[in-house]
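Visitor: What follows is model_3.json; its format and atoms are JSON, C-alpha atoms and all ligand atoms.
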[["chain", "number", "residue", "atom", "x", "y", "z"],
["Y", 1, "MET", "CA", 93.82, 62.34, 65.99],
["Y", 2, "ALA", "CA", 91.06, 64.35, 64.28],
["Y", 3, "LEU", "CA", 92.02, 67.32, 66.40],
["Y", 4, "SER", "CA", 94.88, 68.31, 64.12],
["Y", 5, "ALA", "CA", 92.33, 69.57, 61.58],
["Y", 6, "ASP", "CA", 91.06, 72.14, 64.04],
["Y", 7, "GLY", "CA", 92.40, 75.65, 64.07],
["Y", 8, "PRO", "CA", 93.69, 77.53, 67.11],
["Y", 9, "GLY", "CA", 90.94, 78.08, 69.63],
["Y", 10, "GLU", "CA", 88.86, 75.15, 68.40],
["Y", 11, "ARG", "CA", 90.78, 72.35, 70.03],
["Y", 12, "GLY", "CA", 89.70, 71.42, 73.51],
["Y", 13, "ALA", "CA", 92.08, 70.65, 76.34],
["Y", 14, "THR", "CA", 92.20, 70.60, 80.09],
["Y", 15, "VAL", "CA", 94.50, 73.00, 81.89],
["Y", 16, "TRP", "CA", 94.90, 71.84, 85.47],
["Y", 17, "LEU", "CA", 96.05, 74.50, 87.92],
["Y", 18, "THR", "CA", 97.58, 72.74, 90.90],
["Y", 19, "GLY", "CA", 99.10, 74.44, 93.92],
["Y", 20, "LEU", "CA", 98.74, 75.18, 97.61],
["Y", 21, "PRO", "CA", 95.71, 76.86, 99.19],
["Y", 22, "SER", "CA", 95.81, 80.60, 98.39],
["Y", 23, "ALA", "CA", 98.41, 80.03, 95.65],
["Y", 24, "GLY", "CA", 96.22, 81.86, 93.10],
["Y", 25, "LYS", "CA", 94.61, 79.01, 91.16],
["Y", 26, "THR", "CA", 91.01, 80.27, 91.25],
["Y", 27, "THR", "CA", 92.04, 83.87, 90.70],
["Y", 28, "LEU", "CA", 94.09, 82.99, 87.62],
["Y", 29, "ALA", "CA", 91.46, 80.64, 86.18],
["Y", 30, "ARG", "CA", 88.77, 83.29, 86.50],
["Y", 31, "ALA", "CA", 90.93, 86.05, 85.07],
["Y", 32, "LEU", "CA", 91.94, 83.90, 82.13],
["Y", 33, "ALA", "CA", 88.40, 82.63, 81.52],
["Y", 34, "GLN", "CA", 87.19, 86.22, 81.35],
["Y", 35, "ARG", "CA", 89.84, 87.11, 78.78],
["Y", 36, "LEU", "CA", 89.13, 84.03, 76.70],
["Y", 37, "ARG", "CA", 85.35, 84.37, 76.77],
["Y", 38, "ALA", "CA", 85.68, 87.97, 75.69],
["Y", 39, "ALA", "CA", 87.60, 86.64, 72.70],
["Y", 40, "GLY", "CA", 84.82, 84.16, 71.92],
["Y", 41, "ARG", "CA", 86.50, 81.00, 73.21],
["Y", 42, "ARG", "CA", 84.38, 78.29, 74.76],
["Y", 43, "VAL", "CA", 85.78, 77.86, 78.24],
["Y", 44, "GLU", "CA", 84.60, 76.19, 81.42],
["Y", 45, "VAL", "CA", 86.05, 76.56, 84.90],
["Y", 46, "LEU", "CA", 85.75, 73.50, 87.15],
["Y", 47, "ASP", "CA", 86.76, 74.93, 90.50],
["Y", 48, "GLY", "CA", 87.61, 72.53, 93.31],
["Y", 49, "ASP", "CA", 85.40, 74.35, 95.83],
["Y", 50, "GLU", "CA", 82.41, 74.49, 93.49],
["Y", 51, "VAL", "CA", 82.68, 70.83, 92.60],
["Y", 52, "ARG", "CA", 82.87, 69.87, 96.26],
["Y", 53, "ALA", "CA", 79.56, 71.71, 96.79],
["Y", 54, "HIS", "CA", 77.85, 69.72, 94.03],
["Y", 55, "LEU", "CA", 79.33, 66.75, 92.20],
["Y", 56, "SER", "CA", 81.58, 65.81, 95.13],
["Y", 57, "ARG", "CA", 79.28, 66.85, 97.96],
["Y", 58, "GLY", "CA", 79.85, 64.54, 100.92],
["Y", 59, "LEU", "CA", 83.49, 63.82, 100.15],
["Y", 60, "GLY", "CA", 86.02, 64.74, 102.82],
["Y", 61, "PHE", "CA", 89.74, 65.39, 102.81],
["Y", 62, "SER", "CA", 91.21, 61.95, 103.34],
["Y", 63, "ARG", "CA", 93.71, 60.79, 100.78],
["Y", 64, "GLU", "CA", 91.06, 58.55, 99.21],
["Y", 65, "ASP", "CA", 88.38, 61.24, 99.05],
["Y", 66, "ARG", "CA", 90.82, 63.78, 97.64],
["Y", 67, "HIS", "CA", 91.74, 61.27, 94.94],
["Y", 68, "THR", "CA", 88.08, 60.58, 94.14],
["Y", 69, "ASN", "CA", 87.37, 64.30, 93.88],
["Y", 70, "VAL", "CA", 90.28, 64.88, 91.51],
["Y", 71, "THR", "CA", 89.47, 61.96, 89.22],
["Y", 72, "ARG", "CA", 85.79, 62.97, 89.09],
["Y", 73, "ILE", "CA", 86.78, 66.45, 88.00],
["Y", 74, "GLY", "CA", 89.17, 64.87, 85.51],
["Y", 75, "PHE", "CA", 86.35, 62.75, 84.12],
["Y", 76, "VAL", "CA", 84.08, 65.72, 83.48],
["Y", 77, "ALA", "CA", 86.96, 67.85, 82.19],
["Y", 78, "GLN", "CA", 87.94, 65.24, 79.62],
["Y", 79, "LYS", "CA", 84.35, 64.94, 78.33],
["Y", 80, "LEU", "CA", 84.06, 68.70, 77.91],
["Y", 81, "ALA", "CA", 87.53, 69.08, 76.41],
["Y", 82, "SER", "CA", 86.84, 66.30, 73.91],
["Y", 83, "HIS", "CA", 84.08, 68.55, 72.51],
["Y", 84, "GLY", "CA", 86.32, 71.55, 71.96],
["Y", 85, "VAL", "CA", 85.92, 73.27, 75.32],
["Y", 86, "LEU", "CA", 88.97, 74.71, 77.02],
["Y", 87, "VAL", "CA", 88.60, 73.51, 80.59],
["Y", 88, "LEU", "CA", 90.39, 75.29, 83.41],
["Y", 89, "ALA", "CA", 90.57, 73.24, 86.60],
["Y", 90, "PRO", "CA", 91.82, 75.25, 89.59],
["Y", 91, "VAL", "CA", 91.99, 72.35, 92.02],
["Y", 92, "ILE", "CA", 94.71, 71.67, 94.61],
["Y", 93, "ALA", "CA", 95.09, 67.99, 93.60],
["Y", 94, "PRO", "CA", 97.84, 67.31, 96.16],
["Y", 95, "TYR", "CA", 98.80, 63.81, 95.05],
["Y", 96, "ALA", "CA", 100.96, 63.16, 92.01],
["Y", 97, "ALA", "CA", 99.23, 59.82, 91.46],
["Y", 98, "SER", "CA", 95.82, 61.50, 91.19],
["Y", 99, "ARG", "CA", 97.13, 63.99, 88.65],
["Y", 100, "ALA", "CA", 98.77, 61.15, 86.73],
["Y", 101, "ALA", "CA", 95.43, 59.31, 86.70],
["Y", 102, "VAL", "CA", 93.75, 62.37, 85.21],
["Y", 103, "ARG", "CA", 96.51, 62.66, 82.64],
["Y", 104, "GLN", "CA", 95.89, 59.03, 81.76],
["Y", 105, "GLN", "CA", 92.11, 59.62, 81.48],
["Y", 106, "HIS", "CA", 92.87, 62.32, 78.93],
["Y", 107, "ALA", "CA", 95.41, 60.26, 77.01],
["Y", 108, "ALA", "CA", 92.89, 57.41, 76.75],
["Y", 109, "GLY", "CA", 90.41, 59.86, 75.23],
["Y", 110, "ASP", "CA", 93.02, 61.45, 72.96],
["Y", 111, "THR", "CA", 92.45, 64.77, 74.72],
["Y", 112, "GLY", "CA", 95.06, 67.37, 75.65],
["Y", 113, "PHE", "CA", 96.05, 67.74, 79.27],
["Y", 114, "LEU", "CA", 98.36, 70.44, 80.59],
["Y", 115, "GLU", "CA", 99.52, 70.56, 84.18],
["Y", 116, "VAL", "CA", 100.28, 74.06, 85.44],
["Y", 117, "HIS", "CA", 101.94, 74.40, 88.82],
["Y", 118, "VAL", "CA", 100.96, 77.67, 90.48],
["Y", 119, "ALA", "CA", 104.16, 77.63, 92.48],
["Y", 120, "THR", "CA", 103.50, 80.19, 95.18],
["Y", 121, "PRO", "CA", 105.66, 79.39, 98.22],
["Y", 122, "VAL", "CA", 103.85, 78.32, 101.37],
["Y", 123, "GLY", "CA", 105.00, 81.41, 103.30],
["Y", 124, "LEU", "CA", 103.31, 83.75, 100.82],
["Y", 125, "CYS", "CA", 100.18, 81.56, 100.67],
["Y", 126, "CYS", "CA", 100.06, 81.78, 104.45],
["Y", 127, "GLU", "CA", 100.28, 85.59, 104.30],
["Y", 128, "ARG", "CA", 97.48, 85.73, 101.72],
["Y", 129, "ASP", "CA", 95.35, 83.18, 103.59],
["Y", 130, "VAL", "CA", 92.26, 84.03, 101.54],
["Y", 131, "LYS", "CA", 89.97, 81.63, 103.42],
["Y", 132, "GLY", "CA", 91.64, 81.92, 106.82],
["Y", 133, "LEU", "CA", 92.67, 78.26, 106.73],
["Y", 134, "TYR", "CA", 96.34, 78.81, 107.61],
["Y", 135, "ALA", "CA", 95.33, 80.85, 110.65],
["Y", 136, "ARG", "CA", 92.80, 78.25, 111.73],
["Y", 137, "GLN", "CA", 95.35, 75.48, 111.35],
["Y", 138, "ALA", "CA", 97.90, 77.46, 113.37],
["Y", 139, "ALA", "CA", 95.28, 78.02, 116.07],
["Y", 140, "GLY", "CA", 94.65, 74.29, 116.23],
["Y", 141, "GLU", "CA", 91.06, 74.66, 115.00],
["Y", 142, "ILE", "CA", 91.55, 72.51, 111.91],
["Y", 143, "SER", "CA", 94.06, 69.93, 110.77],
["Y", 144, "GLY", "CA", 94.88, 68.31, 107.46],
["Y", 145, "LEU", "CA", 95.75, 71.54, 105.64],
["Y", 146, "THR", "CA", 97.53, 70.83, 102.38],
["Y", 147, "GLY", "CA", 101.16, 71.91, 102.46],
["Y", 148, "VAL", "CA", 101.18, 72.37, 106.23],
["Y", 149, "ASP", "CA", 100.08, 69.19, 107.98],
["Y", 150, "ASP", "CA", 98.81, 67.28, 104.94],
["Y", 151, "PRO", "CA", 100.87, 66.31, 101.90],
["Y", 152, "TYR", "CA", 101.39, 68.41, 98.80],
["Y", 153, "GLU", "CA", 103.36, 66.61, 96.14],
["Y", 154, "ALA", "CA", 104.53, 69.41, 93.86],
["Y", 155, "PRO", "CA", 104.66, 68.40, 90.19],
["Y", 156, "ALA", "CA", 108.15, 67.31, 89.17],
["Y", 157, "ASP", "CA", 107.68, 68.03, 85.49],
["Y", 158, "PRO", "CA", 104.63, 70.22, 84.82],
["Y", 159, "GLU", "CA", 103.98, 71.72, 81.38],
["Y", 160, "LEU", "CA", 104.26, 75.14, 83.03],
["Y", 161, "ARG", "CA", 105.37, 76.43, 86.40],
["Y", 162, "ILE", "CA", 104.05, 79.88, 87.13],
["Y", 163, "GLN", "CA", 105.22, 82.25, 89.86],
["Y", 164, "THR", "CA", 102.83, 84.72, 91.42],
["Y", 165, "ARG", "CA", 105.20, 86.41, 93.84],
["Y", 166, "HIS", "CA", 105.94, 90.00, 92.77],
["Y", 167, "ARG", "CA", 103.50, 89.66, 89.88],
["Y", 168, "SER", "CA", 100.06, 91.16, 89.46],
["Y", 169, "VAL", "CA", 97.10, 88.92, 88.68],
["Y", 170, "ALA", "CA", 96.98, 90.46, 85.22],
["Y", 171, "GLU", "CA", 100.66, 89.64, 84.60],
["Y", 172, "SER", "CA", 100.29, 86.03, 85.72],
["Y", 173, "ALA", "CA", 97.09, 85.61, 83.69],
["Y", 174, "ALA", "CA", 98.89, 87.04, 80.65],
["Y", 175, "GLU", "CA", 101.74, 84.53, 81.16],
["Y", 176, "LEU", "CA", 99.26, 81.67, 81.21],
["Y", 177, "HIS", "CA", 97.45, 83.09, 78.20],
["Y", 178, "ALA", "CA", 100.70, 83.31, 76.24],
["Y", 179, "PHE", "CA", 101.54, 79.72, 77.13],
["Y", 180, "LEU", "CA", 98.18, 78.49, 75.80],
["Y", 181, "ALA", "CA", 98.67, 80.53, 72.65],
["Y", 182, "GLU", "CA", 102.09, 78.88, 72.17],
["Y", 183, "ARG", "CA", 100.34, 75.53, 72.39],
["Y", 184, "GLY", "CA", 97.80, 76.59, 69.77],
["Y", 185, "LEU", "CA", 94.90, 76.36, 72.19],
["Y", 186, "VAL", "CA", 93.70, 79.95, 72.06],
["T", 201, "LIG", "N1", 99.99, 87.10, 90.50],
["T", 201, "LIG", "C1", 98.93, 86.61, 91.18],
["T", 201, "LIG", "N2", 98.21, 85.59, 90.65],
["T", 201, "LIG", "C2", 97.16, 85.08, 91.34],
["T", 201, "LIG", "N3", 96.72, 85.52, 92.53],
["T", 201, "LIG", "C3", 97.40, 86.55, 93.09],
["T", 201, "LIG", "C4", 98.52, 87.12, 92.44],
["T", 201, "LIG", "N4", 99.01, 88.10, 93.23],
["T", 201, "LIG", "C5", 98.21, 88.15, 94.31],
["T", 201, "LIG", "N5", 97.23, 87.22, 94.23],
["T", 201, "LIG", "C6", 96.17, 87.04, 95.24],
["T", 201, "LIG", "O1", 96.32, 85.77, 95.85],
["T", 201, "LIG", "C7", 95.06, 85.27, 96.24],
["T", 201, "LIG", "C8", 94.89, 83.87, 95.66],
["T", 201, "LIG", "O2", 93.66, 83.33, 96.09],
["T", 201, "LIG", "P1", 92.90, 82.16, 95.33],
["T", 201, "LIG", "O3", 91.55, 82.04, 95.95],
["T", 201, "LIG", "O4", 92.97, 82.39, 93.86],
["T", 201, "LIG", "O5", 93.80, 80.90, 95.70],
["T", 201, "LIG", "P2", 93.56, 79.36, 95.37],
["T", 201, "LIG", "O6", 94.83, 78.84, 94.84],
["T", 201, "LIG", "O7", 92.33, 79.20, 94.51],
["T", 201, "LIG", "O8", 93.31, 78.75, 96.83],
["T", 201, "LIG", "P3", 92.37, 77.52, 97.29],
["T", 201, "LIG", "O9", 93.08, 76.26, 96.98],
["T", 201, "LIG", "O10", 92.24, 77.75, 98.77],
["T", 201, "LIG", "O11", 91.04, 77.65, 96.58],
["T", 201, "LIG", "C9", 94.00, 86.25, 95.76],
["T", 201, "LIG", "O12", 93.65, 87.11, 96.80],
["T", 201, "LIG", "C10", 94.76, 87.02, 94.67],
["T", 201, "LIG", "O13", 94.26, 88.32, 94.46],
["T", 202, "MG", "MG", 90.53, 78.19, 94.77]]
Here is the file; what I need is its structure written in the form of structure tokens.
Ligand SMILES: Nc1ncnc2c1ncn2[C@@H]1O[C@H](COP(=O)(O)OP(=O)(O)OP(=O)(O)O)[C@@H](O)[C@H]1O
Ligand SMILES: [Mg+2]

Guide:
Amino acid sequence: MALSADGPGERGATVWLTGLPSAGKTTLARALAQRLRAAGRRVEVLDGDEVRAHLSRGLGFSREDRHTNVTRIGFVAQKLASHGVLVLAPVIAPYAASRAAVRQQHAAGDTGFLEVHVATPVGLCCERDVKGLYARQAAGEISGLTGVDDPYEAPADPELRIQTRHRSVAESAAELHAFLAERGLV
């Protein structure tokens, strides 16, 4: 692995932020990316919503389409990470098998992959309801909401589990930052 010759902050990796809708994945990825860019780190955020508007436009929310979306993001993430970019992927990725497939994509390319579970409980996500999805599901306007009437398979053994209850965004971002520093990635 040629990567061992690289110093801290030069080695690429993918940090996948998985969790329920409104858990805080996008917020944490953006906050961390801002901190890292300010420190000169090459970082890319592959946000689930953004990717669905471009690379995965046309995909829906069936199990199969969700899997395709996640492995596509994994494919791009691995390519970027293999060139020294720190990739943050705030993407729900509800199925353990999809996340395992992305982990495997990275292992095959000798590229680091870290799964971070943004473990905000569903009740708090529902209170935050940033996009109004929980309310719309409760009103019967939509169905297939992850964690409510669609599966969310929480990671059994993630590299990091992060709580956002009773923590500010800055505190949670700092926790994630410290974890990446421990791993020699920033
Ligand atoms: N410690 C914290 N960390 C992250 N977000 C927090 C925290 N405390 C409160 N929040 C708030 O929770 C909300 C999380 O929304 P965000 O869009 O980041 O969720 P998400 O996980 O990306 O959801 P989705 O899957 O729907 O895109 C934001 O309004 C954010 O300000
Ligand atoms: Mg988001």

Visitor: Residues within 9 Å of ligand LIG 201 (chain T), counting all atoms listed in the file: report them as a PyMOL selection string.

Guide: chain Y and resi 17-31+47-49+90-92+118+120+124-125+128-131+133+146+162-173

Visitor: Output the selection as a short mmCIF file (atom, residue, chain, number, x, y, z; two decimals), in the coordinates of the input - C-alpha atoms for each residue.

Guide:
data_model
loop_
_atom_site.label_atom_id
_atom_site.label_comp_id
_atom_site.auth_asym_id
_atom_site.auth_seq_id
_atom_site.Cartn_x
_atom_site.Cartn_y
_atom_site.Cartn_z
CA LEU Y 17 96.05 74.50 87.92
CA THR Y 18 97.58 72.74 90.90
CA GLY Y 19 99.10 74.44 93.92
CA LEU Y 20 98.74 75.18 97.61
CA PRO Y 21 95.71 76.86 99.19
CA SER Y 22 95.81 80.60 98.39
CA ALA Y 23 98.41 80.03 95.65
CA GLY Y 24 96.22 81.86 93.10
CA LYS Y 25 94.61 79.01 91.16
CA THR Y 26 91.01 80.27 91.25
CA THR Y 27 92.04 83.87 90.70
CA LEU Y 28 94.09 82.99 87.62
CA ALA Y 29 91.46 80.64 86.18
CA ARG Y 30 88.77 83.29 86.50
CA ALA Y 31 90.93 86.05 85.07
CA ASP Y 47 86.76 74.93 90.50
CA GLY Y 48 87.61 72.53 93.31
CA ASP Y 49 85.40 74.35 95.83
CA PRO Y 90 91.82 75.25 89.59
CA VAL Y 91 91.99 72.35 92.02
CA ILE Y 92 94.71 71.67 94.61
CA VAL Y 118 100.96 77.67 90.48
CA THR Y 120 103.50 80.19 95.18
CA LEU Y 124 103.31 83.75 100.82
CA CYS Y 125 100.18 81.56 100.67
CA ARG Y 128 97.48 85.73 101.72
CA ASP Y 129 95.35 83.18 103.59
CA VAL Y 130 92.26 84.03 101.54
CA LYS Y 131 89.97 81.63 103.42
CA LEU Y 133 92.67 78.26 106.73
CA THR Y 146 97.53 70.83 102.38
CA ILE Y 162 104.05 79.88 87.13
CA GLN Y 163 105.22 82.25 89.86
CA THR Y 164 102.83 84.72 91.42
CA ARG Y 165 105.20 86.41 93.84
CA HIS Y 166 105.94 90.00 92.77
CA ARG Y 167 103.50 89.66 89.88
CA SER Y 168 100.06 91.16 89.46
CA VAL Y 169 97.10 88.92 88.68
CA ALA Y 170 96.98 90.46 85.22
CA GLU Y 171 100.66 89.64 84.60
CA SER Y 172 100.29 86.03 85.72
CA ALA Y 173 97.09 85.61 83.69
#

Visitor: I want to know what sits within 9 Å of Arg103 of chain Y, based on only C-alpha atoms, with residues of the same chain fewer than 5 positions away left out; could you give that as number ranges by chain?

Guide: Y: 74, 98, 108, 112-115

Visitor: Record the distance separating atom CA of Val122 of chain Y and atom CA of Tyr134 of chain Y, expressed in Å with one decimal.

Guide: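 It comes out at 9.8 Å.
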
Visitor: Would you work out the distance separating atom CA of Val76 of chain Y from atom CA of Ala93 of chain Y, expressed in Å to one decimal?

Guide: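 Atom-to-atom, atom CA of Val76 of chain Y and atom CA of Ala93 of chain Y are spaced 15.1 Å apart.
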
Visitor: With distances taken over all atoms listed in the file, which of Y:Gly58, Y:Gly12, Y:Pro121, Y:Gly140 is nearest to Ala77 of chain Y?

Guide: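 Answer, going by the shortest atom-to-atom distance: Y:Gly12.
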
Visitor: When distances are computed from all atoms listed in the file, which of Y:Leu55, Y:Ala81, Y:Leu88, Y:Leu160 shows the smallest separation from His106 of chain Y?

Guide: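 Nearest candidate to His106 of chain Y out of Y:Leu55, Y:Ala81, Y:Leu88, Y:Leu160: Y:Ala81.
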
Visitor: Rank Y:Arg161, Y:Arg52, Y:Arg41, Y:Arg35 by their smallest atom-to-atom distance to ligand MG 202 (chain T), using only C-alpha atoms and all ligand atoms, and report the top residue only.

Guide: Y:Arg52

Visitor: Please measure the separation of atom CA of Arg72 of chain Y and atom CA of Val51 of chain Y, giving the value in Å to one decimal.

Guide: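 Result for atom CA of Arg72 of chain Y versus atom CA of Val51 of chain Y: 9.2 Å, one decimal.
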
Visitor: Got a sec to check which residues sit within 12 Å of (95.8, 65.7, 103.5), counting only C-alpha atoms, and write them as a list in words?

Guide: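 So the residues meeting the distance criterion are Leu20, Pro21, Gly60, Phe61, Ser62, Arg63, Glu64, Asp65, Arg66, His67, Ile92, Ala93, Pro94, Tyr95, Ile142, Ser143, Gly144, Leu145, Thr146, Gly147, Val148, Asp149, Asp150, Pro151, Tyr152 and Glu153 of chain Y.
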
Visitor: May I ask which of the residues Y:Ala89, Y:Lys79, Y:Gly132, Y:Ala33 is the closest one to ligand MG 202 (chain T), counting all atoms listed in the file?

Guide: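 For ligand MG 202 (chain T), the nearest of the candidates is Y:Ala89.
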
Visitor: Can you work out which one of Y:Ala96, Y:Ala139, Y:Ala154, Y:Ala178 has the shortest atom-to-atom distance to Thr71 of chain Y, counting all atoms listed in the file?

Guide: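 Counting all atoms listed in the file, the residue closest to Thr71 of chain Y is Y:Ala96.
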
Visitor: Please put the answer as AutoDock Vina command-line options: centre and edge lengths, in Å with one decimal, of a box along x, y and z that encloses all listed atoms of segment 115-129 of chain Y plus 6 Å on each side.

Guide:
--center_x 100.5 --center_y 78.1 --center_z 94.3 --size_x 22.3 --size_y 27.2 --size_z 32.3

Visitor: For ligand MG 202 (chain T), which residue out of Y:Gly184, Y:Val45, Y:Ala107, Y:Glu141 is the nearest one, using all atoms listed in the file?

Guide: Y:Val45
